[in-house]
Each structure stands twice: as structure tokens, then as C-alpha cells.
>>> print(open('data23.tsv').read())   # TSV, C-alpha atoms
chain	number	residue	atom	x	y	z
A	1264	MET	CA	111.09	63.00	186.67
A	1265	SER	CA	107.88	61.81	185.05
A	1266	LEU	CA	106.79	58.70	183.16
A	1267	ALA	CA	106.64	58.28	179.39
A	1268	VAL	CA	106.27	55.42	176.93
A	1269	GLN	CA	109.34	54.76	174.80
A	1270	PHE	CA	110.72	52.15	172.39
A	1271	SER	CA	114.39	51.57	171.56
A	1272	GLU	CA	113.76	49.34	168.55
A	1273	TYR	CA	110.99	48.98	165.99
A	1274	GLY	CA	108.69	46.05	166.53
A	1275	ASN	CA	105.49	44.79	168.13
A	1276	PRO	CA	103.95	46.50	171.18
A	1277	ASP	CA	105.98	44.29	173.51
A	1278	VAL	CA	109.04	46.48	172.79
A	1279	LEU	CA	107.35	49.41	174.55
A	1280	ARG	CA	108.58	50.44	177.99
A	1281	VAL	CA	107.28	52.96	180.54
A	1282	VAL	CA	110.35	54.85	181.73
A	1283	ASP	CA	111.35	57.86	183.82
A	1284	VAL	CA	112.24	60.86	181.68
A	1285	PRO	CA	113.67	64.30	182.53
A	1286	PRO	CA	111.15	67.11	183.05
A	1287	LEU	CA	110.11	69.11	179.99
A	1288	THR	CA	110.37	72.90	179.77
A	1289	ALA	CA	107.97	75.00	177.71
A	1290	GLY	CA	109.76	77.11	175.11
A	1291	PRO	CA	108.53	80.31	173.43
A	1292	GLY	CA	104.96	79.91	172.20
A	1293	GLN	CA	104.59	76.59	174.00
A	1294	VAL	CA	102.79	75.25	177.04
A	1295	ARG	CA	103.51	72.17	179.12
A	1296	LEU	CA	100.61	69.88	179.94
A	1297	ALA	CA	99.95	67.40	182.68
A	1298	VAL	CA	98.45	64.80	180.33
A	1299	ARG	CA	95.05	63.48	181.34
A	1300	ALA	CA	94.21	61.59	178.12
A	1301	ALA	CA	96.05	60.56	174.94
A	1302	GLY	CA	94.18	59.12	171.97
A	1303	VAL	CA	95.50	55.90	170.42
A	1304	ASN	CA	95.50	55.94	166.61
A	1305	PRO	CA	96.48	53.34	163.96
A	1306	PHE	CA	99.24	55.71	162.88
A	1307	ASP	CA	100.93	55.12	166.24
A	1308	TRP	CA	101.41	51.37	165.84
A	1309	LYS	CA	102.51	51.91	162.24
A	1310	VAL	CA	105.26	54.18	163.57
A	1311	LEU	CA	106.15	51.56	166.20
A	1312	ARG	CA	106.38	48.80	163.58
A	1313	GLY	CA	108.72	50.94	161.48
A	1314	TYR	CA	106.28	51.31	158.58
A	1315	MET	CA	106.82	55.09	158.56
A	1316	SER	CA	110.59	55.07	159.04
A	1317	GLN	CA	111.38	56.02	155.43
A	1318	VAL	CA	109.26	59.17	155.51
A	1319	MET	CA	109.53	59.91	159.23
A	1320	PRO	CA	112.89	58.69	160.56
A	1321	LEU	CA	113.19	58.73	164.35
A	1322	ASP	CA	116.10	59.01	166.73
A	1323	LEU	CA	115.61	56.04	169.05
A	1324	PRO	CA	114.59	55.76	171.81
A	1325	ALA	CA	111.39	57.52	170.78
A	1326	GLY	CA	107.82	57.92	171.98
A	1327	LEU	CA	104.34	57.78	170.50
A	1328	GLY	CA	101.15	59.79	170.29
A	1329	SER	CA	100.05	63.31	169.40
A	1330	ASP	CA	96.36	63.47	170.37
A	1331	VAL	CA	96.28	65.04	173.83
A	1332	ALA	CA	94.11	66.56	176.52
A	1333	GLY	CA	95.44	67.87	179.80
A	1334	VAL	CA	95.98	70.69	182.26
A	1335	VAL	CA	98.43	73.51	181.54
A	1336	ASP	CA	101.12	73.52	184.24
A	1337	GLN	CA	103.75	75.73	182.60
A	1338	VAL	CA	103.47	78.58	180.08
A	1339	GLY	CA	106.29	79.59	177.75
A	1340	GLU	CA	107.36	83.08	176.73
A	1341	GLY	CA	104.88	84.90	174.52
A	1342	VAL	CA	101.85	82.73	175.29
A	1343	THR	CA	98.84	84.86	176.16
A	1344	GLY	CA	95.90	82.58	175.39
A	1345	PHE	CA	96.38	80.07	178.21
A	1346	SER	CA	97.31	80.14	181.88
A	1347	VAL	CA	98.45	77.56	184.40
A	1348	GLY	CA	95.45	75.48	185.42
A	1349	ASP	CA	93.58	75.72	182.10
A	1350	GLU	CA	92.10	72.50	180.73
A	1351	VAL	CA	92.90	72.11	177.03
A	1352	LEU	CA	92.93	69.65	174.13
A	1353	GLY	CA	94.59	69.38	170.75
A	1354	SER	CA	97.88	68.13	169.32
A	1355	SER	CA	101.18	67.82	171.14
A	1356	LEU	CA	104.73	68.56	169.97
A	1357	THR	CA	106.27	65.85	172.15
A	1358	PRO	CA	104.85	62.32	172.47
A	1359	SER	CA	101.53	62.31	174.30
A	1360	TYR	CA	101.84	58.75	175.65
A	1361	ALA	CA	103.32	60.33	178.75
A	1362	GLN	CA	102.48	62.08	181.99
A	1363	ALA	CA	103.74	65.39	180.56
A	1364	ALA	CA	103.85	66.83	177.04
A	1365	LEU	CA	104.69	70.08	175.29
A	1366	ALA	CA	102.32	71.68	172.81
A	1367	ASP	CA	102.30	74.73	170.57
A	1368	ALA	CA	99.69	77.02	172.11
A	1369	THR	CA	98.14	77.60	168.68
A	1370	ALA	CA	97.45	73.84	168.35
A	1371	LEU	CA	95.24	73.81	171.46
A	1372	VAL	CA	91.72	74.88	172.36
A	1373	ALA	CA	89.99	75.11	175.72
A	1374	LYS	CA	88.30	71.92	176.91
A	1375	PRO	CA	84.66	72.45	177.88
A	1376	ALA	CA	83.96	71.18	181.38
A	1377	SER	CA	81.19	68.89	180.11
A	1378	VAL	CA	83.48	67.00	177.70
A	1379	PRO	CA	85.06	63.98	179.44
A	1380	TRP	CA	88.83	63.66	179.36
A	1381	GLU	CA	88.76	60.45	177.32
A	1382	VAL	CA	86.66	62.16	174.62
A	1383	ALA	CA	88.80	65.31	174.67
A	1384	GLY	CA	91.93	63.25	174.13
A	1385	SER	CA	90.39	61.54	171.09
A	1386	LEU	CA	89.50	64.50	168.91
A	1387	ALA	CA	92.60	65.96	167.30
A	1388	GLY	CA	94.06	63.40	164.90
A	1389	ALA	CA	91.03	61.86	163.23
A	1390	GLY	CA	88.80	64.88	163.78
A	1391	ILE	CA	91.15	67.43	162.23
A	1392	THR	CA	91.92	65.12	159.30
A	1393	ALA	CA	88.21	64.66	158.56
A	1394	TRP	CA	87.63	68.42	158.71
A	1395	GLN	CA	90.58	69.11	156.39
A	1396	VAL	CA	89.40	66.50	153.91
A	1397	LEU	CA	85.89	67.92	153.67
A	1398	ARG	CA	87.40	71.35	153.07
A	1399	LYS	CA	89.62	70.01	150.26
A	1400	LEU	CA	86.73	68.15	148.64
A	1401	GLN	CA	84.54	71.27	148.97
A	1402	VAL	CA	81.45	69.24	149.80
A	1403	ALA	CA	78.38	71.42	150.12
A	1404	LYS	CA	74.82	71.16	151.33
A	1405	GLY	CA	72.71	69.00	149.04
A	1406	GLU	CA	75.65	67.08	147.56
A	1407	THR	CA	76.34	63.36	147.96
A	1408	LEU	CA	79.60	62.16	149.50
A	1409	LEU	CA	80.80	58.56	149.40
A	1410	ILE	CA	83.11	57.57	152.26
A	1411	HIS	CA	85.09	54.32	152.17
A	1412	ALA	CA	85.73	52.88	155.66
A	1413	ALA	CA	83.03	55.15	157.02
A	1414	ALA	CA	82.96	53.37	160.39
A	1415	GLY	CA	86.68	53.92	161.01
A	1416	GLY	CA	88.36	56.69	162.97
A	1417	VAL	CA	88.46	59.41	160.30
A	1418	GLY	CA	85.34	58.07	158.63
A	1419	THR	CA	83.21	58.43	161.75
A	1420	PHE	CA	84.18	62.09	162.10
A	1421	ALA	CA	83.77	62.77	158.37
A	1422	VAL	CA	80.28	61.26	158.32
A	1423	GLN	CA	79.09	63.43	161.19
A	1424	LEU	CA	80.73	66.65	160.01
A	1425	ALA	CA	79.28	66.18	156.53
A	1426	VAL	CA	75.78	65.32	157.78
A	1427	ALA	CA	75.84	68.41	160.02
A	1428	ARG	CA	76.51	70.50	156.90
A	1429	GLY	CA	73.51	69.06	155.04
A	1430	VAL	CA	75.49	66.62	152.90
A	1431	ARG	CA	74.06	63.22	151.98
A	1432	VAL	CA	76.57	60.54	153.03
A	1433	ILE	CA	76.87	57.00	151.67
A	1434	GLY	CA	79.37	54.96	153.66
A	1435	THR	CA	81.06	51.65	152.88
A	1436	ALA	CA	81.56	49.33	155.84
A	1437	SER	CA	81.21	45.72	156.90
A	1438	GLU	CA	77.69	44.56	157.67
A	1439	ARG	CA	78.29	44.62	161.44
A	1440	ASN	CA	78.87	48.40	161.31
A	1441	HIS	CA	75.82	49.31	159.23
A	1442	GLU	CA	73.57	50.09	162.17
A	1443	GLN	CA	76.25	52.35	163.66
A	1444	LEU	CA	76.46	54.29	160.39
A	1445	ARG	CA	72.69	54.67	160.18
A	1446	ALA	CA	72.72	56.09	163.70
A	1447	LEU	CA	75.27	58.69	162.55
A	1448	GLY	CA	73.11	59.69	159.58
A	1449	ALA	CA	74.85	57.79	156.78
A	1450	GLU	CA	73.43	55.30	154.29
A	1451	PRO	CA	75.59	52.16	154.57
A	1452	VAL	CA	76.64	49.86	151.74
A	1453	THR	CA	78.89	46.82	151.91
A	1454	TYR	CA	82.35	47.16	150.35
A	1455	GLY	CA	83.84	44.64	147.91
A	1456	GLU	CA	82.89	43.30	144.48
A	1457	GLY	CA	79.73	44.86	143.11
A	1458	LEU	CA	80.24	48.13	144.99
A	1459	VAL	CA	79.38	50.36	142.01
A	1460	GLU	CA	76.04	48.64	141.56
A	1461	ARG	CA	75.19	48.85	145.26
A	1462	VAL	CA	76.00	52.57	145.37
A	1463	ARG	CA	74.03	53.26	142.20
A	1464	ALA	CA	71.06	51.43	143.70
A	1465	VAL	CA	70.78	54.23	146.29
A	1466	ALA	CA	72.36	57.04	144.20
A	1467	PRO	CA	71.52	56.36	140.52
A	1468	GLN	CA	73.32	59.51	139.32
A	1469	GLY	CA	76.53	58.62	141.14
A	1470	VAL	CA	78.15	60.82	143.78
A	1471	ASP	CA	79.68	64.29	143.90
A	1472	ALA	CA	82.79	63.44	145.90
A	1473	VAL	CA	84.61	60.45	147.42
A	1474	LEU	CA	86.77	60.09	150.52
A	1475	ASP	CA	88.88	56.93	150.54
A	1476	ALA	CA	89.96	56.09	154.08
A	1477	SER	CA	90.17	52.39	153.28
A	1478	GLY	CA	92.88	51.64	150.74
A	1479	ARG	CA	91.28	48.32	149.79
A	1480	GLY	CA	91.40	49.08	146.06
A	1481	GLU	CA	88.25	51.15	145.68
A	1482	ILE	CA	89.84	53.90	143.56
A	1483	PRO	CA	88.64	52.60	140.15
A	1484	ASP	CA	85.08	52.29	141.48
A	1485	SER	CA	85.38	55.76	143.03
A	1486	LEU	CA	86.47	57.30	139.73
A	1487	GLU	CA	83.49	55.74	137.96
A	1488	LEU	CA	80.99	56.87	140.59
A	1489	ALA	CA	82.38	60.43	140.84
A	1490	GLY	CA	82.77	60.84	137.07
A	1491	GLY	CA	86.51	61.49	137.26
A	1492	PRO	CA	89.38	62.17	139.69
A	1493	ALA	CA	88.88	65.86	140.54
A	1494	ARG	CA	86.84	65.26	143.69
A	1495	VAL	CA	88.23	61.89	144.78
A	1496	LEU	CA	90.62	62.03	147.72
A	1497	THR	CA	92.54	59.26	149.47
A	1498	LEU	CA	94.19	59.14	152.86
A	1499	VAL	CA	95.99	55.87	152.23
A	1500	ALA	CA	96.21	54.84	148.54
A	1501	PHE	CA	99.41	56.74	147.79
A	1502	ASP	CA	100.10	54.44	144.83
A	1503	ALA	CA	96.98	55.83	143.10
A	1504	ALA	CA	98.32	59.38	142.79
A	1505	ASP	CA	98.96	58.88	139.06
A	1506	THR	CA	95.20	58.59	138.48
A	1507	GLY	CA	94.87	62.31	139.18
A	1508	ILE	CA	93.05	61.97	142.50
A	1509	GLN	CA	93.96	64.08	145.52
A	1510	VAL	CA	96.31	62.53	148.08
A	1511	HIS	CA	95.86	64.03	151.54
A	1512	ARG	CA	98.90	65.13	153.56
A	1513	ALA	CA	97.69	66.49	156.87
A	1514	GLU	CA	100.87	68.38	157.72
A	1515	GLN	CA	100.33	70.66	154.70
A	1516	GLU	CA	96.75	71.62	155.51
A	1517	GLY	CA	96.54	73.58	158.80
A	1518	GLY	CA	93.31	74.76	160.40
A	1519	GLY	CA	93.63	72.49	163.43
A	1520	ALA	CA	92.26	74.84	166.06
A	1521	GLU	CA	89.41	75.94	163.77
A	1522	ALA	CA	88.53	72.30	163.15
A	1523	LEU	CA	88.54	71.49	166.86
A	1524	ARG	CA	86.27	74.42	167.65
A	1525	GLU	CA	83.69	73.22	165.10
A	1526	ILE	CA	83.95	69.64	166.37
A	1527	LEU	CA	83.47	70.76	169.96
A	1528	ALA	CA	80.47	72.91	169.04
A	1529	LEU	CA	78.81	69.94	167.33
A	1530	THR	CA	79.69	67.70	170.27
A	1531	LEU	CA	78.16	70.08	172.77
A	1532	ASP	CA	74.87	70.35	170.89
A	1533	GLY	CA	74.64	66.59	170.39
A	1534	ARG	CA	75.24	66.46	166.63
A	1535	LEU	CA	78.60	64.71	166.88
A	1536	ARG	CA	79.37	61.69	169.05
A	1537	VAL	CA	82.78	60.25	169.84
A	1538	PRO	CA	82.32	56.69	171.08
A	1539	VAL	CA	85.15	55.60	173.38
A	1540	TRP	CA	85.49	51.83	173.23
A	1541	ARG	CA	88.05	51.37	176.02
A	1542	THR	CA	90.57	53.25	178.16
A	1543	PHE	CA	93.93	52.01	179.44
A	1544	PRO	CA	96.40	53.20	182.09
A	1545	LEU	CA	99.88	54.07	180.84
A	1546	ALA	CA	101.25	50.75	182.15
A	1547	GLU	CA	98.95	48.86	179.74
A	1548	VAL	CA	100.07	50.70	176.62
A	1549	ALA	CA	101.15	47.46	174.90
A	1550	ALA	CA	97.63	46.04	175.31
A	1551	ALA	CA	96.14	49.23	173.86
A	1552	LEU	CA	98.34	49.03	170.76
A	1553	GLU	CA	97.59	45.31	170.34
A	1554	VAL	CA	93.87	46.09	170.29
A	1555	SER	CA	94.43	48.94	167.83
A	1556	GLN	CA	96.39	46.63	165.51
A	1557	SER	CA	93.58	44.07	165.54
A	1558	GLY	CA	91.17	46.57	164.01
A	1559	HIS	CA	88.18	44.87	165.62
A	1560	LEU	CA	86.76	47.74	167.66
A	1561	SER	CA	83.87	50.14	167.41
A	1562	GLY	CA	85.15	53.30	169.07
A	1563	LYS	CA	88.25	55.12	170.21
A	1564	LEU	CA	91.02	53.76	172.40
A	1565	VAL	CA	92.48	56.17	174.95
A	1566	LEU	CA	95.40	56.13	177.37
A	1567	LEU	CA	94.86	57.81	180.75
A	1568	PRO	CA	98.39	58.59	181.98
A	1569	SER	CA	97.37	60.19	185.29
>>> encode(input="data23.tsv", output="C-alpha cells")
Amino acid sequence: MSLAVQFSEYGNPDVLRVVDVPPLTAGPGQVRLAVRAAGVNPFDWKVLRGYMSQVMPLDLPAGLGSDVAGVVDQVGEGVTGFSVGDEVLGSSLTPSYAQAALADATALVAKPASVPWEVAGSLAGAGITAWQVLRKLQVAKGETLLIHAAAGGVGTFAVQLAVARGVRVIGTASERNHEQLRALGAEPVTYGEGLVERVRAVAPQGVDAVLDASGRGEIPDSLELAGGPARVLTLVAFDAADTGIQVHRAEQEGGGAEALREILALTLDGRLRVPVWRTFPLAEVAAALEVSQSGHLSGKLVLLPS
């Protein structure tokens, strides 16, 4: 038996329980991991609260988490890229808020020894999404990209990936996050009324592309600044699809391992930083989700199951 986080009803983090579960067995193409770190993402508490139940119905009791880093302790039939004892990171098939998880071997990459576990467990969800978005928007060296919620999880990765490619980045964020964005290479502007004027003050010709990771109603401003919907993409404003903008659906995009390899390369040479705000043991999972729900943090939250 091993420990895993589960919930038997939708609700606040206090419905979460750490329970004994039967051992997992790696199937064909899969590996089993002894989980060392599991990233906590806003998507996780949205699942817990039942906000995703219409599009992603669950059989309760269920678990949470997909960002994972750990040590391979079982290899399924047909897997040739990893062996027992390998340290890896990526996305899991079974919930990663647990001491053990299964993963498709193609969704994992080797963890460099110099990358701490808490950082390794934070890369997959937000990092892959940011990489996919930049590919869809086709941002290129010398162009200007506007990112709404640039100091958030996906935004932080998108800023750094774009800057590394020679893209000029303007990022909307609250005033308290402006210094953080400057340190990442972005030019910060405050969101809210008057946004178009503030962006045009630093980019008089407008912008080439827009990533909306905010959902605070910036789509009309984004359309004006980008000169139309073709290169405006949202992660959250699903109700704006009728404007002609792109709506990102990560499960349709692929490229996860390729994205992780680029992110790791930039991390190793110092061009991408993943700030970890706080770590929690598995027993304090409810506290971790409460902090995530609050939104008042400046870095990643990570569970350390073992």
C-alpha cells in the first residue's frame, strides 16, 4: 500500500483525505514512479471544486495533480528509454498527489541532477502550455507579444520562453509584480481601464500577438492592439470564441517532451527561472490548495510526497 490524496465529494480543500491505496502496476508503454515532487496548479482546485465536472466528469473518489517528478521503480512492457532508478519529470497518467504514480514513458524526460526536485515537479503543466501557445501564435524574433497575467503560472513561462527567442514582451500585471516581470525581461503595464493607451505608450504601432491568460475581459483591447483576432489566443475566455480568436486546448496540441527539453535547456543555462514559493508535505495538501485558491503568491507551490 502507498499513500495518495483523494476526495469523495466536490468541495473546498477540507474534503481532501490522505488514504492508503493499492499498489499501481505499469502497463505497456508506462513506467511507475516513486513521486518526489508534484506541482500544484490552479486547475487542480478547480477540479476539486467541481468547476470542471461538465467537461471532465470524474468517478469519485478521485485524486488530483498531473505535474510530476520522481524515480522510476517499475518499467512496463515495451519501454526502452527508461530504467529502474532513473530520475525523470513530466506529466503523469494517474494523480500525482501521491507517493506513486504511473506515466506514459513518452510524456517524461530525464531530470538533470542539478535541477532540484521541487523545480522539476513544477515544469510540465504551465511550461508545456506556454510552449504550445507560443508555437500556435507563431511569435518570432523581433516581434512584440502582449501577455495578460504575465506574472502568473503560464505567463511566467511564456515571458521567459519568448524573451529567449528574441521576442519583445509586454506583460500586464498588478503593480506589485512589475519588478518581477522586469527581472524576467518583460516590460510591465498595469491591467484595467486605459490598458490600450498604456500599451500604445510603449508600443505605438500595437503588438503582433496576444496571449490572454487572465480572462478579466481584455479581449476587446487585445483585438484593437493586435489589429484583429488572427493572432490573439486565450487560455480562459472560452466565451470569446465567437470573436474569431484562438482558444487553446492543451490536450489537442502535443509536443510535451519537446517542450520540456527546451525548458530544461534554458533552465540549465540560466535563461529561465522557476521560482518556488513554498513546498508542502502530502499531509498538508489542504493548506497547499487553500494558498493556491487565494492567488496571492509569487512562485510555484509544490507537494513533496516522500
>>> residues_around(input="data23.tsv", residues="Gly1418 of chain A", least_positions_apart="6", cutoff="7 Å", atoms="only C-alpha atoms", output="number ranges by chain")
A: 1410, 1412, 1476
>>> closest_residue(input="data23.tsv", among="A:Asp1322, A:Glu1442, A:Asp1367, A:Asp1505", to="Val1342 of chain A", atoms="all atoms listed in the file")
A:Asp1367
>>> atom_distance(input="data23.tsv", atom1="atom CA of Gly1390 of chain A", atom2="atom CA of Glu1547 of chain A")
24.8 Å
>>> closest_residue(input="data23.tsv", among="A:Leu1287, A:Ala1472, A:Phe1345, A:Leu1447", to="Val1402 of chain A", atoms="all atoms listed in the file")
A:Ala1472
>>> closest_residue(input="data23.tsv", among="A:Ala1361, A:Val1298, A:Val1422, A:Leu1386", to="Asp1330 of chain A", atoms="only C-alpha atoms")
A:Leu1386
>>> atom_distance(input="data23.tsv", atom1="atom CA of Tyr1360 of chain A", atom2="atom CA of Phe1306 of chain A")
13.4 Å
>>> residues_near_point(input="data23.tsv", point="(74.3, 57.6, 147.3)", cutoff="9 Å", atoms="all atoms listed in the file", output="list in words")
Thr1407, Leu1408, Leu1409, Arg1431, Val1432, Ile1433, Gly1434, Glu1450, Val1462, Arg1463, Ala1464, Val1465, Ala1466, Pro1467, Gln1468, Gly1469 and Val1470 of chain A
>>> closest_atom_pairs(input="data23.tsv", of="segment 1358-1420 of chain A", to="segment 1267-1272 of chain A", cutoff="12 Å", atoms="only C-alpha atoms", output="JSON lines")
{"residue": "A:Pro1358", "atom": "CA", "partner": "A:Ala1267", "partner_atom": "CA", "distance": 8.2}
{"residue": "A:Ser1359", "atom": "CA", "partner": "A:Ala1267", "partner_atom": "CA", "distance": 8.3}
{"residue": "A:Tyr1360", "atom": "CA", "partner": "A:Val1268", "partner_atom": "CA", "distance": 5.7}
{"residue": "A:Ala1361", "atom": "CA", "partner": "A:Ala1267", "partner_atom": "CA", "distance": 4.0}
{"residue": "A:Gln1362", "atom": "CA", "partner": "A:Ala1267", "partner_atom": "CA", "distance": 6.2}
{"residue": "A:Ala1363", "atom": "CA", "partner": "A:Ala1267", "partner_atom": "CA", "distance": 7.8}
{"residue": "A:Ala1364", "atom": "CA", "partner": "A:Ala1267", "partner_atom": "CA", "distance": 9.3}
>>> atom_distance(input="data23.tsv", atom1="atom CA of Leu1397 of chain A", atom2="atom CA of Ala1503 of chain A")
19.5 Å
>>> closest_residue(input="data23.tsv", among="A:Leu1545, A:Gly1519, A:Gln1423, A:Ala1446", to="Val1282 of chain A", atoms="all atoms listed in the file")
A:Leu1545
>>> residues_around(input="data23.tsv", residues="segment 1483-1487 of chain A", least_positions_apart="3", cutoff="10 Å", atoms="only C-alpha atoms", output="ChimeraX atom specification")
/A:1409-1411,1456-1460,1462,1469-1470,1472-1475,1480,1490-1496,1503,1506-1508
>>> closest_residue(input="data23.tsv", among="A:Gly1328, A:Gly1353, A:Gly1333, A:Pro1544", to="Leu1566 of chain A", atoms="only C-alpha atoms")
A:Pro1544
>>> closest_residue(input="data23.tsv", among="A:Val1278, A:Val1331, A:Ala1436, A:Leu1552", to="Ala1300 of chain A", atoms="all atoms listed in the file")
A:Val1331
>>> residues_around(input="data23.tsv", residues="Asp1307 of chain A", least_positions_apart="6", cutoff="10 Å", atoms="all atoms listed in the file", output="PyMOL selection string")
chain A and resi 1315+1326-1329+1552+1555-1556
>>> residues_around(input="data23.tsv", residues="segment 1370-1380 of chain A", least_positions_apart="3", cutoff="10 Å", atoms="all atoms listed in the file", output="ChimeraX atom specification")
/A:1293-1294,1298-1301,1331-1334,1344-1345,1349-1356,1366-1367,1383-1385,1387,1517-1521,1523-1524,1527-1528,1530-1531,1565,1567
>>> residues_around(input="data23.tsv", residues="Gln1337 of chain A", least_positions_apart="2", cutoff="8 Å", atoms="only C-alpha atoms", output="mmCIF file with C-alpha atoms, in the frame of the given file")
data_model
loop_
_atom_site.group_PDB
_atom_site.id
_atom_site.type_symbol
_atom_site.label_atom_id
_atom_site.label_comp_id
_atom_site.auth_asym_id
_atom_site.auth_seq_id
_atom_site.Cartn_x
_atom_site.Cartn_y
_atom_site.Cartn_z
ATOM 1 C CA THR A 1288 110.370 72.900 179.770
ATOM 2 C CA ALA A 1289 107.970 75.000 177.710
ATOM 3 C CA VAL A 1294 102.790 75.250 177.040
ATOM 4 C CA ARG A 1295 103.510 72.170 179.120
ATOM 5 C CA LEU A 1296 100.610 69.880 179.940
ATOM 6 C CA VAL A 1335 98.430 73.510 181.540
ATOM 7 C CA GLY A 1339 106.290 79.590 177.750
ATOM 8 C CA SER A 1346 97.310 80.140 181.880
ATOM 9 C CA VAL A 1347 98.450 77.560 184.400
#
>>> build_atoms(input="data23.tsv", residues="segment 1359-1387 of chain A", atoms="N, CA and C atoms", output="PDB file, in the coordinates of the input")
ATOM      1  N   SER A1359     102.592  62.137 173.305  1.00  0.00           N
ATOM      2  CA  SER A1359     101.530  62.310 174.300  1.00  0.00           C
ATOM      3  C   SER A1359     101.290  61.062 175.146  1.00  0.00           C
ATOM      4  N   TYR A1360     101.924  59.932 174.793  1.00  0.00           N
ATOM      5  CA  TYR A1360     101.840  58.750 175.650  1.00  0.00           C
ATOM      6  C   TYR A1360     102.792  58.980 176.816  1.00  0.00           C
ATOM      7  N   ALA A1361     102.429  59.881 177.685  1.00  0.00           N
ATOM      8  CA  ALA A1361     103.320  60.330 178.750  1.00  0.00           C
ATOM      9  C   ALA A1361     102.526  61.087 179.799  1.00  0.00           C
ATOM     10  N   GLN A1362     103.132  61.288 180.947  1.00  0.00           N
ATOM     11  CA  GLN A1362     102.480  62.080 181.990  1.00  0.00           C
ATOM     12  C   GLN A1362     102.599  63.573 181.730  1.00  0.00           C
ATOM     13  N   ALA A1363     103.557  63.977 180.888  1.00  0.00           N
ATOM     14  CA  ALA A1363     103.740  65.390 180.560  1.00  0.00           C
ATOM     15  C   ALA A1363     104.053  65.511 179.074  1.00  0.00           C
ATOM     16  N   ALA A1364     103.594  66.600 178.457  1.00  0.00           N
ATOM     17  CA  ALA A1364     103.850  66.830 177.040  1.00  0.00           C
ATOM     18  C   ALA A1364     103.906  68.324 176.779  1.00  0.00           C
ATOM     19  N   LEU A1365     104.662  68.699 175.754  1.00  0.00           N
ATOM     20  CA  LEU A1365     104.690  70.080 175.290  1.00  0.00           C
ATOM     21  C   LEU A1365     103.778  70.226 174.077  1.00  0.00           C
ATOM     22  N   ALA A1366     103.173  71.401 173.954  1.00  0.00           N
ATOM     23  CA  ALA A1366     102.320  71.680 172.810  1.00  0.00           C
ATOM     24  C   ALA A1366     102.491  73.128 172.388  1.00  0.00           C
ATOM     25  N   ASP A1367     102.388  73.371 171.086  1.00  0.00           N
ATOM     26  CA  ASP A1367     102.300  74.730 170.570  1.00  0.00           C
ATOM     27  C   ASP A1367     100.952  75.282 171.004  1.00  0.00           C
ATOM     28  N   ALA A1368     100.948  76.451 171.599  1.00  0.00           N
ATOM     29  CA  ALA A1368      99.690  77.020 172.110  1.00  0.00           C
ATOM     30  C   ALA A1368      98.648  77.188 171.005  1.00  0.00           C
ATOM     31  N   THR A1369      99.088  77.407 169.772  1.00  0.00           N
ATOM     32  CA  THR A1369      98.140  77.600 168.680  1.00  0.00           C
ATOM     33  C   THR A1369      97.490  76.288 168.231  1.00  0.00           C
ATOM     34  N   ALA A1370      98.007  75.153 168.708  1.00  0.00           N
ATOM     35  CA  ALA A1370      97.450  73.840 168.350  1.00  0.00           C
ATOM     36  C   ALA A1370      96.471  73.336 169.402  1.00  0.00           C
ATOM     37  N   LEU A1371      96.121  74.202 170.361  1.00  0.00           N
ATOM     38  CA  LEU A1371      95.240  73.810 171.460  1.00  0.00           C
ATOM     39  C   LEU A1371      93.998  74.676 171.491  1.00  0.00           C
ATOM     40  N   VAL A1372      92.932  74.118 172.055  1.00  0.00           N
ATOM     41  CA  VAL A1372      91.720  74.880 172.360  1.00  0.00           C
ATOM     42  C   VAL A1372      91.289  74.520 173.774  1.00  0.00           C
ATOM     43  N   ALA A1373      90.477  75.363 174.357  1.00  0.00           N
ATOM     44  CA  ALA A1373      89.990  75.110 175.720  1.00  0.00           C
ATOM     45  C   ALA A1373      89.062  73.900 175.721  1.00  0.00           C
ATOM     46  N   LYS A1374      89.194  73.077 176.753  1.00  0.00           N
ATOM     47  CA  LYS A1374      88.300  71.920 176.910  1.00  0.00           C
ATOM     48  C   LYS A1374      87.065  72.321 177.688  1.00  0.00           C
ATOM     49  N   PRO A1375      85.881  72.178 177.112  1.00  0.00           N
ATOM     50  CA  PRO A1375      84.660  72.450 177.880  1.00  0.00           C
ATOM     51  C   PRO A1375      84.548  71.495 179.066  1.00  0.00           C
ATOM     52  N   ALA A1376      84.049  71.990 180.171  1.00  0.00           N
ATOM     53  CA  ALA A1376      83.960  71.180 181.380  1.00  0.00           C
ATOM     54  C   ALA A1376      83.101  69.936 181.186  1.00  0.00           C
ATOM     55  N   SER A1377      82.118  70.009 180.300  1.00  0.00           N
ATOM     56  CA  SER A1377      81.190  68.890 180.110  1.00  0.00           C
ATOM     57  C   SER A1377      81.746  67.788 179.208  1.00  0.00           C
ATOM     58  N   VAL A1378      82.889  68.015 178.574  1.00  0.00           N
ATOM     59  CA  VAL A1378      83.480  67.000 177.700  1.00  0.00           C
ATOM     60  C   VAL A1378      84.442  66.142 178.517  1.00  0.00           C
ATOM     61  N   PRO A1379      84.192  64.842 178.633  1.00  0.00           N
ATOM     62  CA  PRO A1379      85.060  63.980 179.440  1.00  0.00           C
ATOM     63  C   PRO A1379      86.487  63.948 178.891  1.00  0.00           C
ATOM     64  N   TRP A1380      87.433  63.687 179.774  1.00  0.00           N
ATOM     65  CA  TRP A1380      88.830  63.660 179.360  1.00  0.00           C
ATOM     66  C   TRP A1380      89.071  62.665 178.230  1.00  0.00           C
ATOM     67  N   GLU A1381      88.482  61.469 178.332  1.00  0.00           N
ATOM     68  CA  GLU A1381      88.760  60.450 177.320  1.00  0.00           C
ATOM     69  C   GLU A1381      88.237  60.866 175.943  1.00  0.00           C
ATOM     70  N   VAL A1382      87.152  61.625 175.901  1.00  0.00           N
ATOM     71  CA  VAL A1382      86.660  62.160 174.620  1.00  0.00           C
ATOM     72  C   VAL A1382      87.570  63.282 174.135  1.00  0.00           C
ATOM     73  N   ALA A1383      87.940  64.186 175.034  1.00  0.00           N
ATOM     74  CA  ALA A1383      88.800  65.310 174.670  1.00  0.00           C
ATOM     75  C   ALA A1383      90.124  64.847 174.080  1.00  0.00           C
ATOM     76  N   GLY A1384      90.660  63.757 174.623  1.00  0.00           N
ATOM     77  CA  GLY A1384      91.930  63.250 174.130  1.00  0.00           C
ATOM     78  C   GLY A1384      91.827  62.482 172.831  1.00  0.00           C
ATOM     79  N   SER A1385      90.615  62.335 172.296  1.00  0.00           N
ATOM     80  CA  SER A1385      90.390  61.540 171.090  1.00  0.00           C
ATOM     81  C   SER A1385      90.101  62.374 169.851  1.00  0.00           C
ATOM     82  N   LEU A1386      90.052  63.682 169.977  1.00  0.00           N
ATOM     83  CA  LEU A1386      89.500  64.500 168.910  1.00  0.00           C
ATOM     84  C   LEU A1386      90.486  64.940 167.832  1.00  0.00           C
ATOM     85  N   ALA A1387      91.719  65.215 168.204  1.00  0.00           N
ATOM     86  CA  ALA A1387      92.600  65.960 167.300  1.00  0.00           C
ATOM     87  C   ALA A1387      92.943  65.229 166.009  1.00  0.00           C
TER      88      ALA A1387
END
